[in-house]
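What follows is one structure encoded as structure tokens, with my remarks underneath.
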Amino acid sequence: MRAVRYHEYGGVETLVVEQAPDPRPGPGEIRIRVAAAGVNPVDWKVRSGAVHEVLPVDLPAIPGRDAVGVVDETGEGVQGVSIGDRVFGLGGVTGATAELAVLSAWAPAPTTWTDEEAAGAGLASVTAMGGLKALGPLKGRTLLIEGAAGGVGSAAVEIAVAQGATVIGTASERNHEFLTSLGAVPTTYGTGLAERLATLAPDGVDIALDTAASGSLPDLVAIVGDPARVSTIADYANAHRLGVRLANAENDSTLLAEASELGRQGRYTPRIERTYPLERIAEAHAHAERGHTRGKIVVRVSE
């Protein structure tokens with residue numbers, strides 16, 4: 001199969017498109033013929049070697065954790081999915097940016113989603129849902145999402161709105177119209193946030209989700225008044241120090257199925273900032289490393 005690989009840790013110049021062995025699904029896994037794969041911050045952090053002590057990988061490695069495609073092989077014990085089904089989901093820390101990928105968690109890809117949208121849904125949706133579920137029921141509560149325009153943040157906005165929350169999202173001013181289109185009340189992040197929120201939410205903010213790891217956790221705790229009412233998917237160091245709930249992305253088919261159902265209902269559509277062809281994978285990773293994305297970055301693997 002054709003795949004993106006890197007043979008050593010380093011910059012985007014280590015990424016090459018080449019032939020690689022076909023993967024095989026193990027028990028409880030499926031293999032898909034990949035249409036498109038997501039590009040997530042973890043991908044370039046793993047590739048660069050920045051997190052090799054926490055997430056070591058065998059080299060050469062194929063970047064990518066989430067993808068969409070058609071099932072072409074199932075492992076032992078797999079039920080409820082058939083050859084030819086179009087699914088999206090998650091595999092290991094690596095392996096998705098290739099013509100064939102093995103998934104350990106998946107759900108039907110809604111017909112309402114393009115391949116690009118479905119490719120951007122896996123990791124973003126389970127991460128967003130993990131962060132939101134840590135905060136308890138959302139209906140009728142006012143939720144602040146820090147970093148609301150990114151891949152996880154934009155997913156969290158739509159999912160929280162669908163569950164009945166009033167959502168205030170922070171982002172740079174250029175993304176405020178985008179946040180409004182998702183159903184959030186936009187505001188800028190940084191100095192003076194508490195004062196801006198006093199105007200936007202005179203009855204107070206009930207809960208907060210941090211997707212940005214910008215160092216704002218102490219401010220979020222002060223705004224909602226209790227570290228137990230704040231969760232983060234990104235700021236590990238400060239979460240432990242402050243007693244804030246930490247949500248890790250898990251390969252959870254139940255969460256993917258919830259996202260799929262919201263997609264089918266038209267209540268959640270993964271937002272894609274840019275799509276790259278497989279041959280331009282280095283550009284896709286460079287774009288991801290620069291940050292400040294509006295939604296997700298996706299690589300198209302096959303037509």
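Letters for chains follow the order of the structure tokens (A, B, ...), residue numbers begin at 1 for each chain, and ligand numbers begin at 1 in the order shown.
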List every residue of segment 2-99 of chain A that has an atom at most 12 Å from any atom of segment 125-147 of chain A, giving for each one its closest atom pair and the distance in Å to one decimal, counting only C-alpha atoms, sorted by chain and then by ascending residue number, as a Markdown table.
```
| residue | atom | partner | partner_atom | distance |
| --- | --- | --- | --- | --- |
| A:Asn40 | CA | A:Thr127 | CA | 11.5 |
| A:Asp66 | CA | A:Ser125 | CA | 10.8 |
| A:Phe88 | CA | A:Ser125 | CA | 11.1 |
| A:Gly89 | CA | A:Val126 | CA | 9.7 |
| A:Leu90 | CA | A:Val126 | CA | 9.6 |
```
* Polymer residues at most 9 Å from Gly266 of chain A, only C-alpha atoms, same-chain spacing of 4 or more positions, as number ranges by chain -> A: 112, 261-262
* Neighbours of segment 67-73 of chain A within 10 Å (only C-alpha atoms; same-chain residues fewer than 2 positions away dropped), as an NGL selection string? -> :A and (24-25 or 29-39 or 64-65 or 75 or 81-91 or 95-103 or 106-109 or 114-123 or 298-302)
* To do: Choose the residue, out of A:His7, A:Arg290, A:Arg196, A:His240, that has the smallest atom-to-atom separation from Gly49 of chain A; count only C-alpha atoms.
  =>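 That would be A:His7, the residue with the smallest distance to Gly49 of chain A.
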* To do: Compile the contact shell of Arg280 of chain A as a ChimeraX atom specification: residues with an atom at most 12 Å away, counting only C-alpha atoms, same-chain residues fewer than 2 positions apart removed.
  => /A:4,12-13,15-17,97,274-278,282-287,298-301
* To do: Select, from A:Val230, A:Val93, A:Ala165, A:Ile62, the residue with the minimum atom-to-atom distance to Ile281 of chain A, counting only C-alpha atoms.
  => A:Ile62
* Asked: DSSP says strand (DSSP E or B) for which residues of segment 169-279 of chain A? Put them as a VMD selection string?
  -> chain A and resid 169 to 170 185 to 187 207 to 210 230 to 232 245 to 246 272 to 277
* To do: Quote the spacing between atom CA of Ala213 of chain A and atom CA of Arg47 of chain A in Å to one decimal place.
  =>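 According to the coordinates, atom CA of Ala213 of chain A and atom CA of Arg47 of chain A are separated by 20.3 Å.
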As a tab-separated table (two decimals) with all heavy atoms, in the first residue's frame, please: the residues near Ala234 of chain A (cut-off 12 Å, only C-alpha atoms, same-chain neighbours under 5 positions excluded).
```tsv
chain	number	residue	atom	x	y	z
A	41	PRO	N	-2.79	17.62	16.44
A	41	PRO	CA	-1.55	18.04	17.10
A	41	PRO	C	-0.68	16.88	17.56
A	41	PRO	O	0.55	16.96	17.49
A	41	PRO	CB	-2.06	18.87	18.28
A	41	PRO	CG	-3.36	19.44	17.80
A	41	PRO	CD	-3.97	18.35	16.96
A	42	VAL	N	-1.31	15.79	18.02
A	42	VAL	CA	-0.52	14.65	18.48
A	42	VAL	C	0.34	14.08	17.37
A	42	VAL	O	1.44	13.56	17.62
A	42	VAL	CB	-1.42	13.56	19.10
A	42	VAL	CG1	-2.28	12.88	18.05
A	42	VAL	CG2	-0.60	12.53	19.86
A	127	THR	N	-12.58	13.53	22.01
A	127	THR	CA	-11.89	14.43	22.92
A	127	THR	C	-12.86	15.46	23.48
A	127	THR	O	-12.90	15.72	24.69
A	127	THR	CB	-10.72	15.13	22.22
A	127	THR	OG1	-9.84	14.15	21.65
A	127	THR	CG2	-9.93	15.99	23.19
A	128	ALA	N	-13.65	16.05	22.60
A	128	ALA	CA	-14.64	17.04	23.04
A	128	ALA	C	-15.65	16.42	24.00
A	128	ALA	O	-15.96	16.99	25.05
A	128	ALA	CB	-15.35	17.65	21.83
A	130	GLY	N	-15.32	13.75	25.85
A	130	GLY	CA	-14.68	13.42	27.13
A	130	GLY	C	-14.59	14.64	28.03
A	130	GLY	O	-14.87	14.56	29.24
A	131	GLY	N	-14.20	15.77	27.46
A	131	GLY	CA	-14.11	17.00	28.23
A	131	GLY	C	-15.45	17.49	28.72
A	131	GLY	O	-15.58	17.99	29.85
A	146	GLU	N	-12.78	27.53	26.19
A	146	GLU	CA	-11.55	28.27	25.88
A	146	GLU	C	-10.89	27.62	24.67
A	146	GLU	O	-10.61	26.42	24.66
A	146	GLU	CB	-10.61	28.22	27.09
A	146	GLU	CG	-9.31	28.97	26.93
A	146	GLU	CD	-9.39	30.47	27.24
A	146	GLU	OE1	-10.34	31.11	26.75
A	146	GLU	OE2	-8.51	30.97	27.96
A	147	GLY	N	-10.66	28.40	23.61
A	147	GLY	CA	-10.11	27.84	22.38
A	147	GLY	C	-11.19	27.18	21.55
A	147	GLY	O	-11.04	26.06	21.08
A	152	VAL	N	-11.04	20.55	18.21
A	152	VAL	CA	-11.78	20.03	19.37
A	152	VAL	C	-12.77	21.08	19.87
A	152	VAL	O	-13.92	20.77	20.19
A	152	VAL	CB	-10.82	19.63	20.50
A	152	VAL	CG1	-11.59	19.22	21.75
A	152	VAL	CG2	-9.92	18.49	20.05
A	153	GLY	N	-12.34	22.33	19.91
A	153	GLY	CA	-13.21	23.39	20.42
A	153	GLY	C	-14.48	23.54	19.61
A	153	GLY	O	-15.59	23.64	20.17
A	209	LEU	N	-14.65	24.52	29.82
A	209	LEU	CA	-13.82	23.51	29.17
A	209	LEU	C	-12.65	24.21	28.50
A	209	LEU	O	-12.83	25.12	27.69
A	209	LEU	CB	-14.64	22.75	28.11
A	209	LEU	CG	-13.85	21.84	27.16
A	209	LEU	CD1	-13.15	20.70	27.91
A	209	LEU	CD2	-14.77	21.27	26.07
A	210	ASP	N	-11.44	23.78	28.83
A	210	ASP	CA	-10.23	24.33	28.23
A	210	ASP	C	-9.72	23.39	27.16
A	210	ASP	O	-9.41	22.23	27.44
A	210	ASP	CB	-9.16	24.53	29.31
A	210	ASP	CG	-7.78	24.75	28.72
A	210	ASP	OD1	-7.67	25.56	27.78
A	210	ASP	OD2	-6.81	24.11	29.18
A	211	THR	N	-9.63	23.88	25.92
A	211	THR	CA	-9.06	23.07	24.84
A	211	THR	C	-7.75	23.66	24.35
A	211	THR	O	-7.15	23.14	23.41
A	211	THR	CB	-10.02	22.97	23.64
A	211	THR	OG1	-10.05	24.21	22.93
A	211	THR	CG2	-11.43	22.59	24.08
A	212	ALA	N	-7.30	24.76	24.96
A	212	ALA	CA	-6.19	25.53	24.40
A	212	ALA	C	-4.86	25.36	25.11
A	212	ALA	O	-3.80	25.58	24.52
A	212	ALA	CB	-6.56	27.01	24.38
A	213	ALA	N	-4.88	25.00	26.40
A	213	ALA	CA	-3.64	24.92	27.19
A	213	ALA	C	-2.83	26.20	27.07
A	213	ALA	O	-1.62	26.17	26.89
A	213	ALA	CB	-2.81	23.71	26.78
A	214	SER	N	-3.51	27.34	27.19
A	214	SER	CA	-2.85	28.63	27.04
A	214	SER	C	-2.40	29.21	28.38
A	214	SER	O	-1.92	30.34	28.44
A	214	SER	CB	-3.80	29.61	26.37
A	214	SER	OG	-4.97	29.79	27.16
A	215	GLY	N	-2.56	28.43	29.46
A	215	GLY	CA	-2.18	28.92	30.78
A	215	GLY	C	-3.31	29.61	31.51
A	215	GLY	O	-3.10	30.24	32.54
A	216	SER	N	-4.54	29.48	30.97
A	216	SER	CA	-5.68	30.22	31.54
A	216	SER	C	-6.44	29.44	32.61
A	216	SER	O	-7.43	29.95	33.14
A	216	SER	CB	-6.65	30.60	30.42
A	216	SER	OG	-7.21	29.43	29.83
A	217	LEU	N	-6.01	28.22	32.93
A	217	LEU	CA	-6.80	27.41	33.89
A	217	LEU	C	-7.06	28.12	35.21
A	217	LEU	O	-8.19	28.06	35.72
A	217	LEU	CB	-6.11	26.08	34.15
A	217	LEU	CG	-6.42	24.91	33.20
A	217	LEU	CD1	-5.83	23.62	33.75
A	217	LEU	CD2	-7.91	24.75	32.98
A	239	ALA	N	-3.62	21.12	35.45
A	239	ALA	CA	-4.81	20.41	35.91
A	239	ALA	C	-4.54	19.71	37.24
A	239	ALA	O	-5.33	19.81	38.18
A	239	ALA	CB	-5.26	19.39	34.86
A	240	HIS	N	-3.42	19.01	37.32
A	240	HIS	CA	-3.09	18.30	38.56
A	240	HIS	C	-2.86	19.29	39.70
A	240	HIS	O	-3.31	19.07	40.83
A	240	HIS	CB	-1.84	17.43	38.35
A	240	HIS	CG	-2.08	16.27	37.43
A	240	HIS	ND1	-2.98	15.27	37.71
A	240	HIS	CD2	-1.54	15.95	36.22
A	240	HIS	CE1	-2.98	14.38	36.74
A	240	HIS	NE2	-2.12	14.77	35.81
A	244	VAL	N	-8.22	20.44	38.66
A	244	VAL	CA	-9.15	20.51	37.53
A	244	VAL	C	-9.30	19.13	36.91
A	244	VAL	O	-8.35	18.34	36.88
A	244	VAL	CB	-8.63	21.54	36.49
A	244	VAL	CG1	-9.32	21.36	35.14
A	244	VAL	CG2	-8.81	22.95	37.01
A	245	ARG	N	-10.48	18.83	36.42
A	245	ARG	CA	-10.73	17.53	35.79
A	245	ARG	C	-9.96	17.42	34.48
A	245	ARG	O	-10.02	18.33	33.65
A	245	ARG	CB	-12.23	17.35	35.54
A	245	ARG	CG	-13.05	17.31	36.82
A	245	ARG	CD	-14.53	17.36	36.50
A	245	ARG	NE	-15.33	17.41	37.72
A	245	ARG	CZ	-15.81	16.35	38.35
A	245	ARG	NH1	-15.55	15.14	37.89
A	245	ARG	NH2	-16.54	16.47	39.44
A	246	LEU	N	-9.28	16.32	34.29
A	246	LEU	CA	-8.48	16.09	33.09
A	246	LEU	C	-9.15	15.00	32.26
A	246	LEU	O	-9.43	13.92	32.75
A	246	LEU	CB	-7.06	15.67	33.47
A	246	LEU	CG	-6.06	15.44	32.35
A	246	LEU	CD1	-5.84	16.71	31.55
A	246	LEU	CD2	-4.74	14.95	32.93
A	247	ALA	N	-9.43	15.32	31.00
A	247	ALA	CA	-10.09	14.35	30.12
A	247	ALA	C	-9.12	13.90	29.03
A	247	ALA	O	-8.58	14.73	28.30
A	247	ALA	CB	-11.33	14.99	29.49
A	248	ASN	N	-8.89	12.61	28.94
A	248	ASN	CA	-8.03	12.05	27.90
A	248	ASN	C	-8.87	11.49	26.76
A	248	ASN	O	-9.95	10.93	26.98
A	248	ASN	CB	-7.15	10.94	28.47
A	248	ASN	CG	-6.10	11.48	29.43
A	248	ASN	OD1	-5.39	12.42	29.10
A	248	ASN	ND2	-6.01	10.89	30.60
A	249	ALA	N	-8.38	11.64	25.54
A	249	ALA	CA	-9.08	11.06	24.38
A	249	ALA	C	-8.97	9.54	24.44
A	249	ALA	O	-7.88	9.00	24.62
A	249	ALA	CB	-8.46	11.59	23.09
```
* To do: Write out as an MDAnalysis selection string which residues come within 12 Å of Gly169 of chain A when counting only C-alpha atoms, dropping same-chain ones fewer than 4 positions away.
  => chainID A and resid 142:150 153:158 160:161 165 173 175:189 193 196:197 200:201 205 208:212
* Asked: For Gly77 of chain A, which of A:Pro27, A:Arg271, A:Thr254, A:Gly11 is the closest residue, counting only C-alpha atoms?
  ->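 The shortest atom-to-atom distance to Gly77 of chain A comes from A:Pro27.
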* Would you return as a PyMOL selection string the members of segment 37-222 of chain A that DSSP assigns to alpha helix (DSSP H) on this structure's backbone? => chain A and resi 41-48+115-119+122-133+151-162+176-182+193-200+217-222
* Asked: So how far away is atom CA of Glu289 of chain A from atom CA of Gly10 of chain A, in Å?
  ->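 If I compute the distance from atom CA of Gly10 of chain A to atom CA of Glu289 of chain A, I get 12.7 Å.
Proximity ranking of A:Tyr9, A:Glu273, A:Gly28, A:Arg174 relative to His52 of chain A places A:Tyr9 first, based on only C-alpha atoms.
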* **Proximity to Ser104 of chain A - best of A:Gly204, A:Pro63, A:Gly26, A:Gly243, only C-alpha atoms** => A:Gly26
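The interatomic distance for the pair atom CA of Ala61 of chain A and atom CA of Arg2 of chain A works out to 13.0 Å.
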